[in-house]
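**Student:** Starting off with a structure, shown below.
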Protein chains: 4
Amino acid sequence: MAGDSFGTLFRVTNWGESHGKAIGAVVEGCPAGLKLSEEDIQVFLDRRRPGQSSITTRRDESDQVQIMSGVVNGMTTGTPISLLIPNQDQRSKDYSELGSIFRPSHADYTYQKKYGIRDVAGGGRSSARITAGHVAAGAIARKVLEQALGTEIVAYVKSVQDLTMTLDSEAVDASLIEQTPVRCPDLKLAEQMIAKIEQARKSGDSLGGIVECRIKSVPVGLGEPVFDKLEADLAKSMLAINASKAFEIGSGFAGTLLSGTTHNDVFINQDGEVKTRTNNSGGVLGGISNGMPIVFRVAFKPTPTIIKEQETVNLEGEATVFHGRGRHDPCVLPRAVPIVEAMAALVLCDHYLRFRAYKDLFNV
Amino acid sequence: MAGDSFGTLFRVTNWGESHGKAIGAVVEGCPAGLKLSEEDIQVFLDRRRPGQSSITTRRDESDQVQIMSGVVNGMTTGTPISLLIPNQDQRSKDYSELGSIFRPSHADYTYQKKYGIRDVAGGGRSSARITAGHVAAGAIARKVLEQALGTEIVAYVKSVQDLTMTLDSEAVDASLIEQTPVRCPDLKLAEQMIAKIEQARKSGDSLGGIVECRIKSVPVGLGEPVFDKLEADLAKSMLAINASKAFEIGSGFAGTLLSGTTHNDVFINQDGEVKTRTNNSGGVLGGISNGMPIVFRVAFKPTPTIIKEQETVNLEGEATVFHGRGRHDPCVLPRAVPIVEAMAALVLCDHYLRFRAYKDLFNV
Amino acid sequence: MAGDSFGTLFRVTNWGESHGKAIGAVVEGCPAGLKLSEEDIQVFLDRRRPGQSSITTRRDESDQVQIMSGVVNGMTTGTPISLLIPNQDQRSKDYSELGSIFRPSHADYTYQKKYGIRDVAGGGRSSARITAGHVAAGAIARKVLEQALGTEIVAYVKSVQDLTMTLDSEAVDASLIEQTPVRCPDLKLAEQMIAKIEQARKSGDSLGGIVECRIKSVPVGLGEPVFDKLEADLAKSMLAINASKAFEIGSGFAGTLLSGTTHNDVFINQDGEVKTRTNNSGGVLGGISNGMPIVFRVAFKPTPTIIKEQETVNLEGEATVFHGRGRHDPCVLPRAVPIVEAMAALVLCDHYLRFRAYKDLFNV
Amino acid sequence: MAGDSFGTLFRVTNWGESHGKAIGAVVEGCPAGLKLSEEDIQVFLDRRRPGQSSITTRRDESDQVQIMSGVVNGMTTGTPISLLIPNQDQRSKDYSELGSIFRPSHADYTYQKKYGIRDVAGGGRSSARITAGHVAAGAIARKVLEQALGTEIVAYVKSVQDLTMTLDSEAVDASLIEQTPVRCPDLKLAEQMIAKIEQARKSGDSLGGIVECRIKSVPVGLGEPVFDKLEADLAKSMLAINASKAFEIGSGFAGTLLSGTTHNDVFINQDGEVKTRTNNSGGVLGGISNGMPIVFRVAFKPTPTIIKEQETVNLEGEATVFHGRGRHDPCVLPRAVPIVEAMAALVLCDHYLRFRAYKDLFNV
């Protein structure tokens, strides 16, 4: 398999480069009969698009999605949905330097060595721009889940560098997330984060941080044993996002500091429904959703694009210096939020369809 | 896809239950011409098997692997290698209670709800016992990588609860790992870990911790853009291991505390070879190996099996109490080490074959 | 993907060589709650096994299947079902000659060139013996279809060389098929076929022919547009059977002699159900089952093993002569019948599960 | 898996409907460094496009392909190649009748029942128009094969209804194929075929026939044992083409009339190379290419669109009459030729990359 497709029954194939004619995604396996318009998708793309606020990159792309197939009279037909997003701001910048020099911690070097050729402009295929396709496809997955299950997927910025929100995922008020451009639901902390990001921009530096995601109304039973565990597929999807370096579900790394006695989530009967009192499991047991909220976190490194002089090597492997300049995104965290949500939606929608294949087949 | 298979070109299909006749794995896509004996595999199974030391579960399984196909005169033929591991210690314990009660933080509940039926004995399919198949298959993948590339995969226990080794991955002396049953290369810390685990056993409790893995001699170019990134597939493979809750590569979560200036790995020319001065990237850039050591960590929760009384519900959802008893594994970390190595080997071997499909095809 | 697995949701992985310890298959994706015993599978293996009658090979294999996993108390659990069939009659024949010479129209040559090494004994992996795994897996698929849909899969020998049954598939009385060892439901023709096969055996020659398959009670809607059309997957499954050279569905090659006016199957309302008056389509339209009987035919070449002297080359490519001797199967057609049925069952069961994933998801 | 993708390493994902904005295909896994222009692809699309001659449908589509990604400075980069073909002649025909009536032997009925909704215009997703995407993707596969192996893929019309070319595949002069619009290299027979097709058009009827394909310069070793046999994947690819009903390789159905003695292809040493004297095998042995020409045939039914009155049922299942009218394609055979070639190229290119993954890995 080439690595540009994701999912089994609900499957997205991504294509495009940062400065080509367009980018896009083809969604296979969307059920027939879903109401779907370009606006349904656009709202999520607008949350990811560059230039949306003062703290993101100033590249200006309207990221207008076009549905090219699979929808008739505003309704999906069960056939592939081709999504096309034209590239507009293909700045006539001179990229010739970037063709012969490797920017530190970018994919320039590995693409060059793997393929022997690469689309230099804007990072080409390795650009985070191509995650617009994930967001567009994820918008469809999310709508399937909402319609079928009432699933609610909410992500937000939990930390920017050392500024960390202490609020538990369960206590987050989702309505506050979009109130600031940094997408942290702790509004006071959000202001500090924004100030920190603006300072990083001024100094030509960049910041990393953590996005947390909380998913409610997932039925018991999604996820397959052994390899295609729900958390395994979530982990893969999150580590596939540009600049991500870590994933944890439920108690995650911090859970290693507890003992079994304090970590175990005991089962309780709450008004006739089986729940767990705590949720260290993060909504999964043995790779299968247990009906509790799914909670996970993803770490994003400080973006490698900085406006500084850095040591590096050129195509011939000789030592040289790279001078970063131009516009840069000092912190990808705010724009990562809709991407995390989209990838989670893709994973859940795929597992939901896999689940349906067997549901109530033999009565046991 | 059912979730019992993993990989694309080098593909393993796992089967079996904890207390069935046997467990096993079928390995498809192993190249022809590899010398392979049961001993080559057994050495890794012996590191995973229960009962190997005082700090692991006392269930006694010799885990003797049989190669059922794919090898003729000690050499692989390119056809599927079927690996069979008979179950021996199928203790005639009465599991009837477990059929009607859900152990906290085990997969009992989710399997029951998903399938309506489950193999109760020993946890059935959800038992960590089935990772023996991963280790056996991984032993073959590892041998392919060693023979073809000289790849060295080394994992070890980095922490048990709050006892954490501060040694950097690069400084780890691999020859020390197997010197203690806890598999921590800091021998002094290892003793403390062992003491802590023995105390947990006595008190009927359990401990979690972190396994770190370092992989050397991986060529530049393994991993595919966008979805099948090397770190994405590693993340999936690690979150698929029983009791794992988190994965981080390179700087991971801690990297979010740095800024771009300090986090970026500058390229240098070292004796004619391109290297990076630091390795915050953990050996991958844009989803593709960059030739530096691959370094990642996996968090394992405290095992849910504890010898305590815990609240829970029964099949009917009514509140009840579960009394853990019998033998238990107070800390899975030491036995997780060969499993982490095996999963990493499976991922790398698969990506190596995918890499070969294109290598030097057109001269660019 | 290695080529030893087949199917997406209902997936079988085949392993083993003709003269190894055993052969087997792992079935992933079988729904939970199906009653399943070794006897359910054995009955189909007995129809395929060698030595079952005077007109098949005299190699004597009882082909006793063992269910190694996935079934508890006679019921499937939704986890992989590992099927093991020990090889018994591993005649201590000297195969050294076969290691250095290529039998005409066998896979010896291509395996040797592809892998550089091969299991010579009995044809190793290229032996039709490994289709026992298909039959065993297919027995499970068939039971799923029967229980869920009442599907009836019936195959039979339509021709042996120039002896061709003229009976239309719809007129075949399935109860007559097993009345003769040749499995042709035209009992008079069956006698002639048997005589012809026995004569071929005596003269050391071999015969080919055609198997026809008729499948009833398949709901409308199985099969996916464009590539995974039902007839496309059936064609693949049939051409994967050893010695098969052709596949046709419905009118097939003969249909090219008609015109649109005579070939089109007009729709009629028959007692409230939509049917087609004719069935030139063979039960599929646009890759999707239309509710009519699925009817297809598979051509099998005369088996290449003959007791004659034939020109050939040796490992070094030098001209030499191969003297066929020993037992041989003069006509694979009778034993191909259960294999054709099994492969059809695998395809249909997989498509049925894929169909279920979407069924009634949104009410349109 | 949704059924809109095909291949493993070289993988094409098809999207679009007959009368939507556009149709397209995304090609994953094309090697980097291949020179590729839109003209390279256009030449094959021009052979498939409607309106190209007097004997094809008069729908006029220029089928101009646009490469949207994956190519920089006329060279592939190893990333997905997105191919877009705008639909132009979206005649403002009233399709309302077709929404409530099922055309005999079309996919209208099965799509309606499977999805509950369908794009009625021009057949929507079930239209043969979407095979333009196959031809475009196949053009790339073919170029990979030509550059890497010198492979030559040639298809031609072997029969139109009862007019059958008797020339053996080996004797076909490829330069004659394109000399007539019917693409039969027997020029005298071609004239008769053309006359027959024109008569069918006049009478509002349609004709079927057989396309034969001959492929030279395929190395020994392509194809995988057991399920992904080369002929199995070819069969699948051919039965996936609209209106195809049968596939045979080598001797095919006619081979069943021979005996082993006459059917076996004996190996000979021809000027230092191993060949077979005859080619009843059609270039494959045991699922793997043997270096001889690959020869297979595909049967296409008479197209269901005819200008006649036919019985049928409506959406409610009630008997009614369908009056075919407007433009129609009286015989798809000439336009099927480039589609057959394209699908063969896709299969071979995929298997070639799979072959490369293992080639010369261990020296045996």
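Labeling convention for the structure tokens: chains A, B, ... as they appear, residues from 1 per chain, ligands from 1 in order of appearance.
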Pick out the residues sitting within 7 Å of region 39-51 of chain D, and hand them over as a list in words; count only C-alpha atoms, and ignore anything fewer than 2 positions along from it in its own chain.
**Tutor:**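 Final neighbour list, sorted by chain and number: Leu36, Ser37, Ser53, Thr56, Thr57, Arg58, Arg59, Asp60, Glu61, Ser62, Asp63, Gln64, Val65, Ala132, Val135, Ala136, Ala139, Arg335 and Pro338 of chain D.
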**Student:** Identify, on the basis of only C-alpha atoms, every residue whose closest approach to Pro80 (chain B) does not exceed 6 Å; exclude the query and any residue fewer than 4 positions from it along the same chain; express the result as a count of residues only.
**Tutor:** 4
**Student:** Considering only C-alpha atoms, give me a table of residues in chain C that are at most 10 Å from chain A, with the closest atom pair and distance in Å for each, as JSON lines.
**Tutor:**
```
{"residue": "C:Met1", "atom": "CA", "partner": "A:Met1", "partner_atom": "CA", "distance": 7.8}
{"residue": "C:Thr8", "atom": "CA", "partner": "A:Thr8", "partner_atom": "CA", "distance": 8.6}
{"residue": "C:Leu9", "atom": "CA", "partner": "A:Arg354", "partner_atom": "CA", "distance": 8.1}
{"residue": "C:Gly29", "atom": "CA", "partner": "A:Tyr358", "partner_atom": "CA", "distance": 8.7}
{"residue": "C:Cys30", "atom": "CA", "partner": "A:Tyr358", "partner_atom": "CA", "distance": 8.8}
{"residue": "C:Pro31", "atom": "CA", "partner": "A:Tyr358", "partner_atom": "CA", "distance": 6.1}
{"residue": "C:Ala32", "atom": "CA", "partner": "A:Phe362", "partner_atom": "CA", "distance": 7.0}
{"residue": "C:Gly33", "atom": "CA", "partner": "A:Val364", "partner_atom": "CA", "distance": 5.5}
{"residue": "C:Leu34", "atom": "CA", "partner": "A:Phe362", "partner_atom": "CA", "distance": 6.8}
{"residue": "C:Lys35", "atom": "CA", "partner": "A:Phe362", "partner_atom": "CA", "distance": 9.8}
{"residue": "C:Met75", "atom": "CA", "partner": "A:Val364", "partner_atom": "CA", "distance": 9.7}
{"residue": "C:Thr77", "atom": "CA", "partner": "A:Val364", "partner_atom": "CA", "distance": 9.9}
{"residue": "C:Gly78", "atom": "CA", "partner": "A:Tyr358", "partner_atom": "CA", "distance": 9.1}
{"residue": "C:Thr79", "atom": "CA", "partner": "A:Pro225", "partner_atom": "CA", "distance": 8.2}
{"residue": "C:Val144", "atom": "CA", "partner": "A:Phe362", "partner_atom": "CA", "distance": 9.2}
{"residue": "C:Gln147", "atom": "CA", "partner": "A:Phe362", "partner_atom": "CA", "distance": 8.5}
{"residue": "C:Ala148", "atom": "CA", "partner": "A:Leu361", "partner_atom": "CA", "distance": 7.3}
{"residue": "C:Glu224", "atom": "CA", "partner": "A:Thr79", "partner_atom": "CA", "distance": 9.5}
{"residue": "C:Pro225", "atom": "CA", "partner": "A:Thr79", "partner_atom": "CA", "distance": 8.1}
{"residue": "C:Val226", "atom": "CA", "partner": "A:Thr79", "partner_atom": "CA", "distance": 9.8}
{"residue": "C:Asp350", "atom": "CA", "partner": "A:Ala357", "partner_atom": "CA", "distance": 9.9}
{"residue": "C:Tyr352", "atom": "CA", "partner": "A:Ala357", "partner_atom": "CA", "distance": 8.4}
{"residue": "C:Leu353", "atom": "CA", "partner": "A:Ala357", "partner_atom": "CA", "distance": 5.1}
{"residue": "C:Arg354", "atom": "CA", "partner": "A:Ala357", "partner_atom": "CA", "distance": 6.2}
{"residue": "C:Phe355", "atom": "CA", "partner": "A:Ala357", "partner_atom": "CA", "distance": 7.3}
{"residue": "C:Arg356", "atom": "CA", "partner": "A:Ala357", "partner_atom": "CA", "distance": 4.7}
{"residue": "C:Ala357", "atom": "CA", "partner": "A:Ala357", "partner_atom": "CA", "distance": 3.9}
{"residue": "C:Tyr358", "atom": "CA", "partner": "A:Pro31", "partner_atom": "CA", "distance": 6.1}
{"residue": "C:Lys359", "atom": "CA", "partner": "A:Arg356", "partner_atom": "CA", "distance": 8.5}
{"residue": "C:Asp360", "atom": "CA", "partner": "A:Pro31", "partner_atom": "CA", "distance": 9.5}
{"residue": "C:Leu361", "atom": "CA", "partner": "A:Pro31", "partner_atom": "CA", "distance": 7.1}
{"residue": "C:Phe362", "atom": "CA", "partner": "A:Gly33", "partner_atom": "CA", "distance": 5.5}
{"residue": "C:Asn363", "atom": "CA", "partner": "A:Gly33", "partner_atom": "CA", "distance": 6.8}
{"residue": "C:Val364", "atom": "CA", "partner": "A:Gly33", "partner_atom": "CA", "distance": 5.5}
```
**Student:** Got a sec: who's within 12 Å of Ala190 (chain B), counting only C-alpha atoms, leaving out chain neighbours fewer than 4 positions off, as a list in words?
**Tutor:**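 In the requested format, the answer is Ile55, Tyr156, Val157, Lys158, Ser159, Val160, Leu163, Thr164, Met165, Leu176, Ile177, Glu178, Gln179, Thr180, Pro181, Val182, Arg183, Cys184, Pro185, Asp186, Ile194, Ala195, Lys196, Ile197, Leu333 and Pro334 of chain B.
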**Student:** As number ranges by chain, which residues of region 280-356 of chain D does DSSP assign to alpha helix (DSSP H)?
**Tutor:** D: 333-356
**Student:** Taking 6 positions as the minimum chain separation for residues in the same chain, which residues sit within 9 Å of Val220 (chain D) when counting only C-alpha atoms? Answer as a PyMOL selection string.
**Tutor:** (chain C and resi 110+113-114) or (chain D and resi 284+288-292)
**Student:** Need the shell around region 241-252 of chain A: protein/DNA/RNA residues with any atom at most 8 Å away, counting only C-alpha atoms. Skip same-chain ones fewer than 2 positions apart. Format as a PyMOL selection string?
**Tutor:** (chain A and resi 127-128+131+231+235+237-239+254-256+279-283+294-303+339-340) or (chain B and resi 226+235+245-253+286+299+301)
**Student:** What lies within 8 Å of region 18-25 of chain C using only C-alpha atoms, ignoring chain neighbours under 3 positions off, as a PyMOL selection string?
**Tutor:** (chain B and resi 68-69) or (chain C and resi 12-15+82-87+90+121-125+127+129-130+132-134+136-137)
